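With PDB, C-alpha atoms inside, this is final17.pdb:
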ATOM      1  CA  MET B  18      10.635 -23.833  -1.579
ATOM      2  CA  THR B  19       7.609 -24.071   0.646
ATOM      3  CA  ASP B  20       7.788 -25.014   4.305
ATOM      4  CA  PRO B  21       4.841 -26.937   5.860
ATOM      5  CA  ILE B  22       5.162 -24.943   9.102
ATOM      6  CA  THR B  23       4.738 -21.584   7.341
ATOM      7  CA  PRO B  24       2.980 -22.335   4.051
ATOM      8  CA  MET B  25       2.915 -19.944   1.100
ATOM      9  CA  TRP B  26      -0.115 -17.680   0.855
ATOM     10  CA  SER B  27      -1.875 -16.141  -2.061
ATOM     11  CA  ILE B  28      -2.978 -12.568  -2.574
ATOM     12  CA  GLY B  29      -4.155 -10.833  -5.728
ATOM     13  CA  GLY B  30      -3.347 -13.996  -7.673
ATOM     14  CA  ARG B  31       0.271 -14.162  -6.474
ATOM     15  CA  GLN B  32       1.896 -16.800  -4.290
ATOM     16  CA  LEU B  33       4.020 -15.244  -1.557
ATOM     17  CA  ARG B  34       6.090 -16.457   1.361
ATOM     18  CA  SER B  35       6.282 -13.278   3.460
ATOM     19  CA  ARG B  36       3.154 -11.677   4.914
ATOM     20  CA  LEU B  37       4.889  -8.354   5.467
ATOM     21  CA  LEU B  38       4.218  -5.591   2.952
ATOM     22  CA  LEU B  39       6.717  -2.750   3.124
ATOM     23  CA  GLY B  40       6.379   0.934   2.245
ATOM     24  CA  THR B  41       9.274   2.603   0.426
ATOM     25  CA  ALA B  42       8.963   6.192   1.708
ATOM     26  CA  ARG B  43      10.955   8.193   4.275
ATOM     27  CA  TYR B  44      14.168   6.110   4.300
ATOM     28  CA  PRO B  45      17.479   7.939   4.795
ATOM     29  CA  SER B  46      18.626   6.857   1.307
ATOM     30  CA  LEU B  47      17.808   4.563  -1.598
ATOM     31  CA  ALA B  48      20.640   2.254  -0.468
ATOM     32  CA  VAL B  49      19.125   1.903   3.024
ATOM     33  CA  LEU B  50      15.719   1.272   1.456
ATOM     34  CA  GLN B  51      17.150  -1.553  -0.657
ATOM     35  CA  GLN B  52      18.900  -3.110   2.362
ATOM     36  CA  ALA B  53      15.703  -2.808   4.422
ATOM     37  CA  ILE B  54      13.622  -4.555   1.764
ATOM     38  CA  ALA B  55      16.157  -7.388   1.630
ATOM     39  CA  ALA B  56      16.372  -7.676   5.442
ATOM     40  CA  SER B  57      12.583  -7.665   5.878
ATOM     41  CA  GLY B  58      11.965 -10.512   3.434
ATOM     42  CA  ALA B  59       8.984  -8.539   2.060
ATOM     43  CA  GLU B  60       7.956  -9.488  -1.466
ATOM     44  CA  VAL B  61       5.466  -6.637  -1.934
ATOM     45  CA  VAL B  62       6.409  -2.949  -1.645
ATOM     46  CA  THR B  63       4.201   0.106  -2.005
ATOM     47  CA  VAL B  64       5.136   2.857  -4.441
ATOM     48  CA  SER B  65       3.620   6.136  -5.539
ATOM     49  CA  LEU B  66       3.573   8.743  -8.301
ATOM     50  CA  ARG B  67       4.772  12.330  -8.199
ATOM     51  CA  ARG B  68       5.250  15.136 -10.676
ATOM     52  CA  GLU B  69       8.481  14.507 -12.563
ATOM     53  CA  SER B  70      10.944  17.181 -13.598
ATOM     54  CA  ALA B  71      12.449  16.618 -17.059
ATOM     55  CA  THR B  72      15.924  17.527 -15.819
ATOM     56  CA  GLU B  73      16.134  15.786 -12.421
ATOM     57  CA  ARG B  74      14.394  12.508 -13.303
ATOM     58  CA  ALA B  75      14.309  11.447  -9.621
ATOM     59  CA  GLY B  76      11.515   9.004 -10.375
ATOM     60  CA  THR B  77      13.462   7.191 -13.031
ATOM     61  CA  HIS B  78      16.348   6.634 -10.550
ATOM     62  CA  PHE B  79      13.969   5.410  -7.848
ATOM     63  CA  TRP B  80      12.348   2.994 -10.274
ATOM     64  CA  SER B  81      15.724   1.485 -11.223
ATOM     65  CA  ALA B  82      16.466   0.880  -7.520
ATOM     66  CA  ILE B  83      13.129  -0.913  -7.024
ATOM     67  CA  LYS B  84      13.527  -3.000 -10.185
ATOM     68  CA  GLU B  85      16.827  -4.343  -8.834
ATOM     69  CA  MET B  86      14.963  -5.793  -5.831
ATOM     70  CA  ASP B  87      12.731  -8.153  -7.819
ATOM     71  CA  VAL B  88       9.601  -7.447  -5.742
ATOM     72  CA  GLN B  89       5.928  -7.019  -6.611
ATOM     73  CA  VAL B  90       4.984  -3.333  -6.482
ATOM     74  CA  LEU B  91       1.707  -2.058  -5.082
ATOM     75  CA  PRO B  92       1.089   1.463  -6.459
ATOM     76  CA  ASN B  93      -0.908   3.787  -4.215
ATOM     77  CA  THR B  94      -3.149   6.804  -4.752
ATOM     78  CA  ALA B  95      -1.727   8.724  -1.779
ATOM     79  CA  GLY B  96      -2.930  12.294  -1.469
ATOM     80  CA  CYS B  97      -6.096  11.795  -3.544
ATOM     81  CA  LYS B  98      -9.235  13.382  -2.134
ATOM     82  CA  THR B  99     -11.725  12.838  -4.931
ATOM     83  CA  VAL B 100     -12.875   9.841  -6.962
ATOM     84  CA  LYS B 101     -11.661  11.506 -10.149
ATOM     85  CA  GLU B 102      -8.138  12.081  -8.802
ATOM     86  CA  ALA B 103      -7.965   8.522  -7.489
ATOM     87  CA  VAL B 104      -9.130   6.985 -10.775
ATOM     88  CA  THR B 105      -6.742   9.055 -12.921
ATOM     89  CA  THR B 106      -3.835   8.338 -10.546
ATOM     90  CA  ALA B 107      -4.706   4.636 -10.600
ATOM     91  CA  GLU B 108      -4.677   4.566 -14.405
ATOM     92  CA  MET B 109      -1.310   6.344 -14.532
ATOM     93  CA  GLY B 110       0.061   3.918 -11.941
ATOM     94  CA  ARG B 111      -1.179   0.870 -13.851
ATOM     95  CA  GLU B 112       0.634   2.018 -16.992
ATOM     96  CA  ILE B 113       3.864   3.096 -15.337
ATOM     97  CA  PHE B 114       4.222   0.121 -12.962
ATOM     98  CA  GLU B 115       2.699  -2.449 -15.336
ATOM     99  CA  THR B 116       0.425  -3.979 -12.704
ATOM    100  CA  PRO B 117      -3.331  -3.904 -12.009
ATOM    101  CA  TRP B 118      -2.590  -3.948  -8.252
ATOM    102  CA  LEU B 119      -3.668  -0.771  -6.520
ATOM    103  CA  LYS B 120      -3.595   0.475  -2.949
ATOM    104  CA  LEU B 121      -6.612   2.759  -3.058
ATOM    105  CA  GLU B 122      -6.417   5.764  -0.759
ATOM    106  CA  VAL B 123      -9.065   8.464  -0.758
ATOM    107  CA  ILE B 124      -8.445  10.753   2.196
ATOM    108  CA  GLY B 125     -11.367  12.403   3.974
ATOM    109  CA  ASP B 126      -9.706  14.254   6.843
ATOM    110  CA  ASP B 127      -6.450  16.231   6.775
ATOM    111  CA  TYR B 128      -5.621  15.823  10.466
ATOM    112  CA  THR B 129      -6.042  12.069  10.893
ATOM    113  CA  LEU B 130      -5.714  11.155   7.194
ATOM    114  CA  GLN B 131      -8.796   9.036   7.744
ATOM    115  CA  PRO B 132     -10.084   7.370   4.569
ATOM    116  CA  HIS B 133     -13.227   8.988   3.171
ATOM    117  CA  PRO B 134     -15.722   6.140   3.503
ATOM    118  CA  PHE B 135     -18.220   7.247   0.833
ATOM    119  CA  LEU B 136     -15.733   8.344  -1.833
ATOM    120  CA  LEU B 137     -13.595   5.267  -1.145
ATOM    121  CA  VAL B 138     -16.522   2.991  -1.943
ATOM    122  CA  GLU B 139     -17.382   4.990  -5.064
ATOM    123  CA  ALA B 140     -13.772   4.876  -6.313
ATOM    124  CA  ALA B 141     -13.489   1.145  -5.516
ATOM    125  CA  GLU B 142     -16.621   0.403  -7.574
ATOM    126  CA  GLU B 143     -15.226   2.258 -10.573
ATOM    127  CA  LEU B 144     -11.740   0.745 -10.315
ATOM    128  CA  CYS B 145     -13.024  -2.824  -9.886
ATOM    129  CA  ARG B 146     -15.076  -2.251 -13.067
ATOM    130  CA  ARG B 147     -11.894  -1.130 -14.815
ATOM    131  CA  GLY B 148     -10.147  -4.366 -13.872
ATOM    132  CA  PHE B 149      -7.927  -3.216 -11.014
ATOM    133  CA  GLN B 150      -6.998  -5.510  -8.124
ATOM    134  CA  VAL B 151      -8.061  -3.023  -5.467
ATOM    135  CA  PHE B 152      -6.451  -3.030  -2.003
ATOM    136  CA  PRO B 153      -8.612  -0.367  -0.302
ATOM    137  CA  TYR B 154      -7.129   1.509   2.646
ATOM    138  CA  THR B 155     -10.165   1.768   4.907
ATOM    139  CA  THR B 156     -11.220   2.194   8.512
ATOM    140  CA  GLU B 157     -12.380  -0.696  10.682
ATOM    141  CA  ASP B 158     -16.024   0.210   9.882
ATOM    142  CA  MET B 159     -18.053  -2.927   9.203
ATOM    143  CA  VAL B 160     -20.599  -1.316   6.880
ATOM    144  CA  VAL B 161     -17.929   0.281   4.714
ATOM    145  CA  ALA B 162     -16.185  -3.103   4.585
ATOM    146  CA  GLU B 163     -19.391  -4.711   3.340
ATOM    147  CA  ARG B 164     -19.802  -2.077   0.627
ATOM    148  CA  LEU B 165     -16.194  -2.567  -0.499
ATOM    149  CA  VAL B 166     -16.690  -6.331  -0.724
ATOM    150  CA  GLN B 167     -19.901  -5.766  -2.722
ATOM    151  CA  ALA B 168     -17.924  -3.450  -5.017
ATOM    152  CA  GLY B 169     -15.668  -6.402  -5.862
ATOM    153  CA  CYS B 170     -12.769  -6.073  -3.405
ATOM    154  CA  SER B 171     -11.388  -9.396  -2.173
ATOM    155  CA  ILE B 172      -8.817  -7.617  -0.015
ATOM    156  CA  LEU B 173      -9.404  -5.015   2.712
ATOM    157  CA  MET B 174      -6.772  -2.942   4.469
ATOM    158  CA  PRO B 175      -8.181  -1.464   7.693
ATOM    159  CA  TRP B 176      -6.040   1.017   9.566
ATOM    160  CA  GLY B 177      -4.510   0.164  12.931
ATOM    161  CA  ALA B 178      -4.116   3.875  13.735
ATOM    162  CA  PRO B 179      -3.569   7.078  11.729
ATOM    163  CA  ILE B 180      -0.826   6.898   9.055
ATOM    164  CA  GLY B 181       2.642   7.491  10.454
ATOM    165  CA  SER B 182       1.416   7.725  14.066
ATOM    166  CA  GLY B 183       2.994   4.518  15.369
ATOM    167  CA  GLN B 184       0.149   4.084  17.874
ATOM    168  CA  GLY B 185      -0.499   0.433  17.016
ATOM    169  CA  LEU B 186      -3.944  -1.161  17.005
ATOM    170  CA  ASN B 187      -6.276   1.485  18.419
ATOM    171  CA  ASN B 188      -9.420  -0.580  18.114
ATOM    172  CA  PRO B 189      -8.593  -4.269  18.624
ATOM    173  CA  TYR B 190     -12.246  -5.138  19.221
ATOM    174  CA  ALA B 191     -13.292  -3.827  15.797
ATOM    175  CA  LEU B 192     -10.336  -5.488  14.079
ATOM    176  CA  ARG B 193     -11.202  -8.844  15.689
ATOM    177  CA  THR B 194     -14.843  -8.415  14.681
ATOM    178  CA  LEU B 195     -13.862  -7.640  11.097
ATOM    179  CA  ARG B 196     -11.724 -10.781  11.010
ATOM    180  CA  ALA B 197     -14.575 -12.899  12.377
ATOM    181  CA  ARG B 198     -17.112 -11.359   9.991
ATOM    182  CA  TYR B 199     -14.964 -11.785   6.848
ATOM    183  CA  PRO B 200     -13.125 -15.111   7.150
ATOM    184  CA  ASP B 201     -12.651 -15.370   3.368
ATOM    185  CA  VAL B 202     -11.520 -11.810   2.617
ATOM    186  CA  SER B 203      -7.787 -11.105   2.751
ATOM    187  CA  LEU B 204      -7.337  -8.644   5.617
ATOM    188  CA  ILE B 205      -4.174  -6.586   5.990
ATOM    189  CA  VAL B 206      -3.592  -4.062   8.759
ATOM    190  CA  ASP B 207      -2.271  -0.946   7.082
ATOM    191  CA  ALA B 208      -1.070   2.201   8.850
ATOM    192  CA  GLY B 209      -0.362   3.094  12.437
ATOM    193  CA  ILE B 210       1.914   0.171  13.244
ATOM    194  CA  GLY B 211       4.839   1.455  15.335
ATOM    195  CA  LYS B 212       6.578  -1.616  16.719
ATOM    196  CA  PRO B 213       6.973  -5.299  15.854
ATOM    197  CA  SER B 214       4.744  -6.180  18.846
ATOM    198  CA  HIS B 215       1.854  -4.340  17.107
ATOM    199  CA  ALA B 216       2.423  -6.446  13.992
ATOM    200  CA  ILE B 217       2.466  -9.638  16.055
ATOM    201  CA  ALA B 218      -0.826  -8.647  17.702
ATOM    202  CA  ALA B 219      -2.481  -8.166  14.289
ATOM    203  CA  MET B 220      -1.150 -11.483  13.007
ATOM    204  CA  GLU B 221      -2.220 -13.335  16.186
ATOM    205  CA  MET B 222      -5.769 -12.090  15.508
ATOM    206  CA  GLY B 223      -5.631 -13.948  12.219
ATOM    207  CA  TYR B 224      -4.907 -11.047   9.903
ATOM    208  CA  ASP B 225      -3.441 -12.173   6.588
ATOM    209  CA  GLY B 226      -0.708  -9.572   6.537
ATOM    210  CA  VAL B 227       0.618  -6.264   7.780
ATOM    211  CA  LEU B 228       1.756  -3.199   5.827
ATOM    212  CA  VAL B 229       4.463  -1.131   7.506
ATOM    213  CA  ASN B 230       6.432   1.908   6.386
ATOM    214  CA  THR B 231       7.330   4.651   8.877
ATOM    215  CA  ALA B 232       8.062   2.212  11.732
ATOM    216  CA  VAL B 233      10.902   0.795   9.635
ATOM    217  CA  ALA B 234      11.997   3.883   7.708
ATOM    218  CA  ARG B 235      12.200   6.128  10.778
ATOM    219  CA  ALA B 236      13.761   3.593  13.154
ATOM    220  CA  ALA B 237      17.280   4.467  14.343
ATOM    221  CA  ASP B 238      18.461   1.452  12.320
ATOM    222  CA  PRO B 239      15.939   0.797   9.536
ATOM    223  CA  VAL B 240      17.657  -2.363   8.286
ATOM    224  CA  ARG B 241      17.589  -4.056  11.701
ATOM    225  CA  MET B 242      13.992  -2.927  12.248
ATOM    226  CA  ALA B 243      13.022  -4.337   8.856
ATOM    227  CA  ARG B 244      14.360  -7.712   9.945
ATOM    228  CA  ALA B 245      12.530  -7.382  13.294
ATOM    229  CA  PHE B 246       9.234  -6.808  11.446
ATOM    230  CA  GLY B 247       9.860  -9.733   9.115
ATOM    231  CA  LEU B 248      10.355 -12.016  12.119
ATOM    232  CA  ALA B 249       7.386 -10.519  14.003
ATOM    233  CA  VAL B 250       4.959 -11.095  11.157
ATOM    234  CA  GLU B 251       6.127 -14.677  10.737
ATOM    235  CA  SER B 252       5.989 -15.250  14.502
ATOM    236  CA  GLY B 253       2.474 -13.848  14.792
ATOM    237  CA  ARG B 254       1.254 -15.960  11.889
ATOM    238  CA  LEU B 255       2.744 -19.104  13.435
ATOM    239  CA  ALA B 256       1.095 -18.282  16.756
ATOM    240  CA  TYR B 257      -2.270 -17.847  15.018
ATOM    241  CA  LEU B 258      -1.932 -21.175  13.195
ATOM    242  CA  ALA B 259      -0.760 -22.905  16.378
ATOM    243  CA  GLY B 260      -3.741 -21.603  18.410
ATOM    244  CA  ALA B 261      -3.105 -19.836  21.710
ATOM    245  CA  MET B 262      -4.033 -21.466  25.028
ATOM    246  CA  PRO B 263      -7.126 -20.192  26.846
ATOM    247  CA  VAL B 264      -6.543 -17.497  29.453
ATOM    248  CA  GLN B 265      -7.352 -18.515  33.046
ATOM    249  CA  GLU B 266      -8.082 -16.446  36.121
ATOM    250  CA  MET B 267      -5.950 -18.465  38.582
ATOM    251  CA  ALA B 268      -2.552 -20.165  38.523
ATOM    252  CA  GLU B 269      -2.302 -23.739  37.367
ATOM    253  CA  PRO B 270       0.998 -25.488  38.099
ATOM    254  CA  SER B 271       2.935 -26.285  34.954
ATOM    255  CA  THR B 272       5.109 -28.845  36.754
ATOM    256  CA  PRO B 273       3.139 -32.084  37.405
ATOM    257  CA  VAL B 274       2.154 -32.319  41.071
ATOM    258  CA  THR B 275       2.006 -36.112  41.280
ATOM    259  CA  GLY B 276       5.017 -37.397  43.256
ATOM    260  CA  THR B 277       6.152 -33.974  44.420
ATOM    261  CA  PRO B 278       8.929 -34.490  47.081
ATOM    262  CA  PHE B 279       7.982 -33.625  50.705
ATOM    263  CA  TRP B 280       4.298 -33.746  49.695
ATOM    264  CA  HIS B 281       1.939 -34.148  52.591
ATOM    265  CA  GLN B 282      -1.759 -33.762  53.094
ATOM    266  CA  SER B 283      -2.428 -30.608  55.091
TER
ATOM    267  CA  MET N   3       0.102  28.551 -27.090
ATOM    268  CA  ILE N   4       0.384  28.340 -23.317
ATOM    269  CA  ILE N   5       0.211  24.902 -21.662
ATOM    270  CA  GLU N   6       0.333  24.243 -17.948
ATOM    271  CA  ILE N   7       2.763  21.442 -17.078
ATOM    272  CA  ASN N   8       2.815  20.174 -13.502
ATOM    273  CA  GLY N   9       1.358  23.488 -12.380
ATOM    274  CA  GLU N  10       3.802  25.683 -14.346
ATOM    275  CA  LYS N  11       2.880  27.604 -17.498
ATOM    276  CA  LYS N  12       5.053  26.914 -20.541
ATOM    277  CA  GLU N  13       5.011  28.307 -24.077
ATOM    278  CA  LEU N  14       4.775  25.643 -26.783
ATOM    279  CA  GLU N  15       4.470  25.806 -30.571
ATOM    280  CA  ASN N  16       0.946  25.863 -31.885
ATOM    281  CA  SER N  17      -0.629  22.624 -33.125
ATOM    282  CA  CYS N  18       1.770  20.301 -31.394
ATOM    283  CA  SER N  19       0.976  16.725 -30.431
ATOM    284  CA  LEU N  20       1.482  15.359 -26.933
ATOM    285  CA  ALA N  21       4.341  13.200 -28.266
ATOM    286  CA  GLU N  22       6.082  16.288 -29.687
ATOM    287  CA  ALA N  23       5.575  18.199 -26.442
ATOM    288  CA  ILE N  24       7.079  15.351 -24.384
ATOM    289  CA  HIS N  25      10.088  15.354 -26.708
ATOM    290  CA  ASP N  26      10.512  19.146 -26.675
ATOM    291  CA  LEU N  27      10.179  19.324 -22.881
ATOM    292  CA  GLY N  28      13.023  16.812 -22.464
ATOM    293  CA  TYR N  29      11.067  13.830 -21.119
ATOM    294  CA  GLU N  30      12.213  11.445 -23.853
ATOM    295  CA  GLY N  31      13.348   8.148 -22.312
ATOM    296  CA  ALA N  32      12.002   8.957 -18.815
ATOM    297  CA  ARG N  33       9.546   6.595 -17.147
ATOM    298  CA  ILE N  34       6.440   8.778 -17.103
ATOM    299  CA  ALA N  35       2.662   8.687 -17.292
ATOM    300  CA  VAL N  36       0.488  11.594 -18.400
ATOM    301  CA  ALA N  37      -2.898  13.084 -17.592
ATOM    302  CA  ARG N  38      -4.347  15.871 -19.736
ATOM    303  CA  ASN N  39      -7.010  18.068 -18.168
ATOM    304  CA  ASP N  40      -7.357  15.474 -15.377
ATOM    305  CA  GLU N  41      -7.897  12.575 -17.827
ATOM    306  CA  PHE N  42      -5.356   9.777 -18.165
ATOM    307  CA  VAL N  43      -3.753   9.563 -21.619
ATOM    308  CA  PRO N  44      -2.431   6.077 -22.475
ATOM    309  CA  ARG N  45       1.121   6.023 -23.886
ATOM    310  CA  GLY N  46      -0.172   4.707 -27.219
ATOM    311  CA  ASP N  47      -2.241   7.883 -27.745
ATOM    312  CA  TYR N  48       0.582  10.436 -27.334
ATOM    313  CA  ALA N  49       1.135  10.812 -31.093
ATOM    314  CA  THR N  50      -2.526  11.388 -31.921
ATOM    315  CA  VAL N  51      -3.461  13.734 -29.054
ATOM    316  CA  GLN N  52      -3.261  17.366 -30.250
ATOM    317  CA  LEU N  53      -2.649  19.871 -27.469
ATOM    318  CA  ARG N  54      -4.718  23.035 -27.249
ATOM    319  CA  ASP N  55      -4.019  26.400 -25.694
ATOM    320  CA  GLY N  56      -4.813  26.260 -21.980
ATOM    321  CA  ASP N  57      -4.428  22.485 -21.639
ATOM    322  CA  ARG N  58      -3.175  21.249 -18.300
ATOM    323  CA  LEU N  59      -0.733  18.334 -18.260
ATOM    324  CA  GLU N  60       0.318  16.248 -15.294
ATOM    325  CA  ILE N  61       3.537  14.353 -16.030
ATOM    326  CA  VAL N  62       4.353  11.890 -13.256
ATOM    327  CA  SER N  63       6.919   9.225 -12.556
ATOM    328  CA  PRO N  64       7.546   6.558  -9.883
ATOM    329  CA  MET N  65       8.211   7.830  -6.390
ATOM    330  CA  GLN N  66       8.618   6.439  -2.889
ATOM    331  CA  GLY N  67       5.289   5.722  -1.235
ATOM    332  CA  GLY N  68       3.682   4.094   1.789
TER
END
So, in terms of structure tokens, how does the structure I just supplied come out?
Amino acid sequence: MTDPITPMWSIGGRQLRSRLLLGTARYPSLAVLQQAIAASGAEVVTVSLRRESATERAGTHFWSAIKEMDVQVLPNTAGCKTVKEAVTTAEMGREIFETPWLKLEVIGDDYTLQPHPFLLVEAAEELCRRGFQVFPYTTEDMVVAERLVQAGCSILMPWGAPIGSGQGLNNPYALRTLRARYPDVSLIVDAGIGKPSHAIAAMEMGYDGVLVNTAVARAADPVRMARAFGLAVESGRLAYLAGAMPVQEMAEPSTPVTGTPFWHQS
Amino acid sequence: MIIEINGEKKELENSCSLAEAIHDLGYEGARIAVARNDEFVPRGDYATVQLRDGDRLEIVSPMQGG
């Protein structure tokens, strides 16, 4: 059921209620992960691929746990450093997860895990040609954004800060500029979010969504934090739609001054 | 023949298809995807792909990710 105050939104051809996308890594257990997904209200979760052992079959167990949650999965290409690796990983992900959705990561720097701008664009061009719905994990760079849009991406996921750092939005100016420059592209802040207040800040800027993983998974209580992020994202979106008041230099009384008791002209 | 599977060398019978290898290695029924020599192999091609000595296979499955 849709609510006129917080309308449904559409991304990658899907109608969603929640604007929080949740990562599934680094939780204390699969049970906690499932509870966190439920508490967050997220309808999209990121997943990955790893080498599978024939005897352990860890991946098959993980997949059963995710299937129980009835959420849209967004497979990633985490760890890929070349176009070839990213494209092959994307193809394997599309078959295994039965979705053309793809969080495209091509890493260019081992210390900051910064996306590689040139290889990212090259991989995005190839994957858009192959019919993927590409969610590129990118920096806030405007020129790279333009190239990704030209490649066929209708969604961009600029970083707030390095993956797993929890620093928040390191470059609010650039994120605001990106929002202003691309009003019709779906923009999701991905990576670096540490607290719900960071998510609210992104949503108040008019971002379409926020992707969070470590901030929830590594909280002392991941289930409570998942709920906190769900509320934060909704709150920030409402604030954006409502339109914040202009900031003023000086005080302005909020209580009407007309008829104030003991008033006298000084 | 020697095939590399997820970075480990394994001895397999000569002239075996990818489908036979997946069965012999114990992956039957697991949710997997395969790349051979860095190229994705769609599930529908497993029976017709013949493995050769020195081939490298990546056999992956779903995993937690951010």
At most 7 Å to chain N: residues in chain B, only C-alpha atoms, as a list in words
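For chain B, the answer reads Gly40, Thr41, Ala42, Thr63, Val64, Ser65, Leu66, Arg67, Arg68, Glu69, Ala71, Arg74, Gly76, Thr77, Phe79, Trp80, Thr105, Glu108, Met109, Glu112, Ile113 and Asn230 of chain B.
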With all atoms of segment 25-44 of chain N from the file as input, state the centre and edge lengths in Å to one decimal of the axis-aligned box that has 3 Å extra on each side, as lines of an AutoDock Vina configuration file.
center_x = 2.7
center_y = 12.7
center_z = -21.0
size_x = 27.2
size_y = 19.2
size_z = 17.3
My list of candidates is N:Asp26, N:Ile5, N:Ala21, N:Lys11. Which is closest to Tyr48 of chain N when distances are computed with all atoms listed in the file?
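Looking only at the distances to Tyr48 of chain N, the closest residue turns out to be N:Ala21.
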Evaluate the PyMOL selection byres ((chain N and resi 56) around 12) on the structure here and hand back the selected residues as a list in words.
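The output of the PyMOL selection byres ((chain N and resi 56) around 12) on this file is Met3, Ile4, Ile5, Glu6, Ile7, Gly9, Glu10, Lys11, Lys12, Glu13, Leu14, Asn16, Arg38, Asn39, Leu53, Arg54, Asp55, Asp57, Arg58 and Leu59 of chain N.
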Hey, can you spit out that residue selection with C-alpha atoms as a short mmCIF file (atom, residue, chain, number, x, y, z; two decimals), keeping the file's coordinate frame?
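Output below, filename again_8.cif:
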data_model
loop_
_atom_site.label_atom_id
_atom_site.label_comp_id
_atom_site.auth_asym_id
_atom_site.auth_seq_id
_atom_site.Cartn_x
_atom_site.Cartn_y
_atom_site.Cartn_z
CA MET N 3 0.10 28.55 -27.09
CA ILE N 4 0.38 28.34 -23.32
CA ILE N 5 0.21 24.90 -21.66
CA GLU N 6 0.33 24.24 -17.95
CA ILE N 7 2.76 21.44 -17.08
CA GLY N 9 1.36 23.49 -12.38
CA GLU N 10 3.80 25.68 -14.35
CA LYS N 11 2.88 27.60 -17.50
CA LYS N 12 5.05 26.91 -20.54
CA GLU N 13 5.01 28.31 -24.08
CA LEU N 14 4.78 25.64 -26.78
CA ASN N 16 0.95 25.86 -31.88
CA ARG N 38 -4.35 15.87 -19.74
CA ASN N 39 -7.01 18.07 -18.17
CA LEU N 53 -2.65 19.87 -27.47
CA ARG N 54 -4.72 23.04 -27.25
CA ASP N 55 -4.02 26.40 -25.69
CA ASP N 57 -4.43 22.48 -21.64
CA ARG N 58 -3.18 21.25 -18.30
CA LEU N 59 -0.73 18.33 -18.26
#
Write out as a PDB file with C-alpha atoms, keeping the file's coordinate frame the residues lying within 6 Å of Val227 of chain B, counting all atoms listed in the file and excluding same-chain residues fewer than 2 positions away.
ATOM      1  CA  LEU B  37       4.889  -8.354   5.467  1.00  0.00           C
ATOM      2  CA  ILE B 205      -4.174  -6.586   5.990  1.00  0.00           C
ATOM      3  CA  VAL B 206      -3.592  -4.062   8.759  1.00  0.00           C
TER       4      VAL B 206
END
Env of segment 233-247 of chain B: 7 Å cut, atoms = all atoms listed in the file, seq-sep filter 5 positions within chain, self excluded. Answer as a PyMOL selection string.
chain B and resi 37+43-44+49+52-53+56-58+213
Expansion of the PyMOL selection byres ((chain B and resi 210) around 8) into residues, as a ChimeraX atom specification:
/B:177-178,181-186,207-209,211-213,215-216,229,232
As a check of understanding, name the residues that the PyMOL selection byres ((chain B and resi 116) around 9) selects in the supplied structure, as a PDB file with C-alpha atoms, keeping the file's coordinate frame.
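What landed in selection_2.pdb:
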ATOM      1  CA  GLN B  89       5.928  -7.019  -6.611  1.00  0.00           C
ATOM      2  CA  VAL B  90       4.984  -3.333  -6.482  1.00  0.00           C
ATOM      3  CA  LEU B  91       1.707  -2.058  -5.082  1.00  0.00           C
ATOM      4  CA  PRO B  92       1.089   1.463  -6.459  1.00  0.00           C
ATOM      5  CA  GLY B 110       0.061   3.918 -11.941  1.00  0.00           C
ATOM      6  CA  ARG B 111      -1.179   0.870 -13.851  1.00  0.00           C
ATOM      7  CA  GLU B 112       0.634   2.018 -16.992  1.00  0.00           C
ATOM      8  CA  ILE B 113       3.864   3.096 -15.337  1.00  0.00           C
ATOM      9  CA  PHE B 114       4.222   0.121 -12.962  1.00  0.00           C
ATOM     10  CA  GLU B 115       2.699  -2.449 -15.336  1.00  0.00           C
ATOM     11  CA  PRO B 117      -3.331  -3.904 -12.009  1.00  0.00           C
ATOM     12  CA  TRP B 118      -2.590  -3.948  -8.252  1.00  0.00           C
ATOM     13  CA  LEU B 119      -3.668  -0.771  -6.520  1.00  0.00           C
ATOM     14  CA  PHE B 149      -7.927  -3.216 -11.014  1.00  0.00           C
ATOM     15  CA  GLN B 150      -6.998  -5.510  -8.124  1.00  0.00           C
TER      16      GLN B 150
END
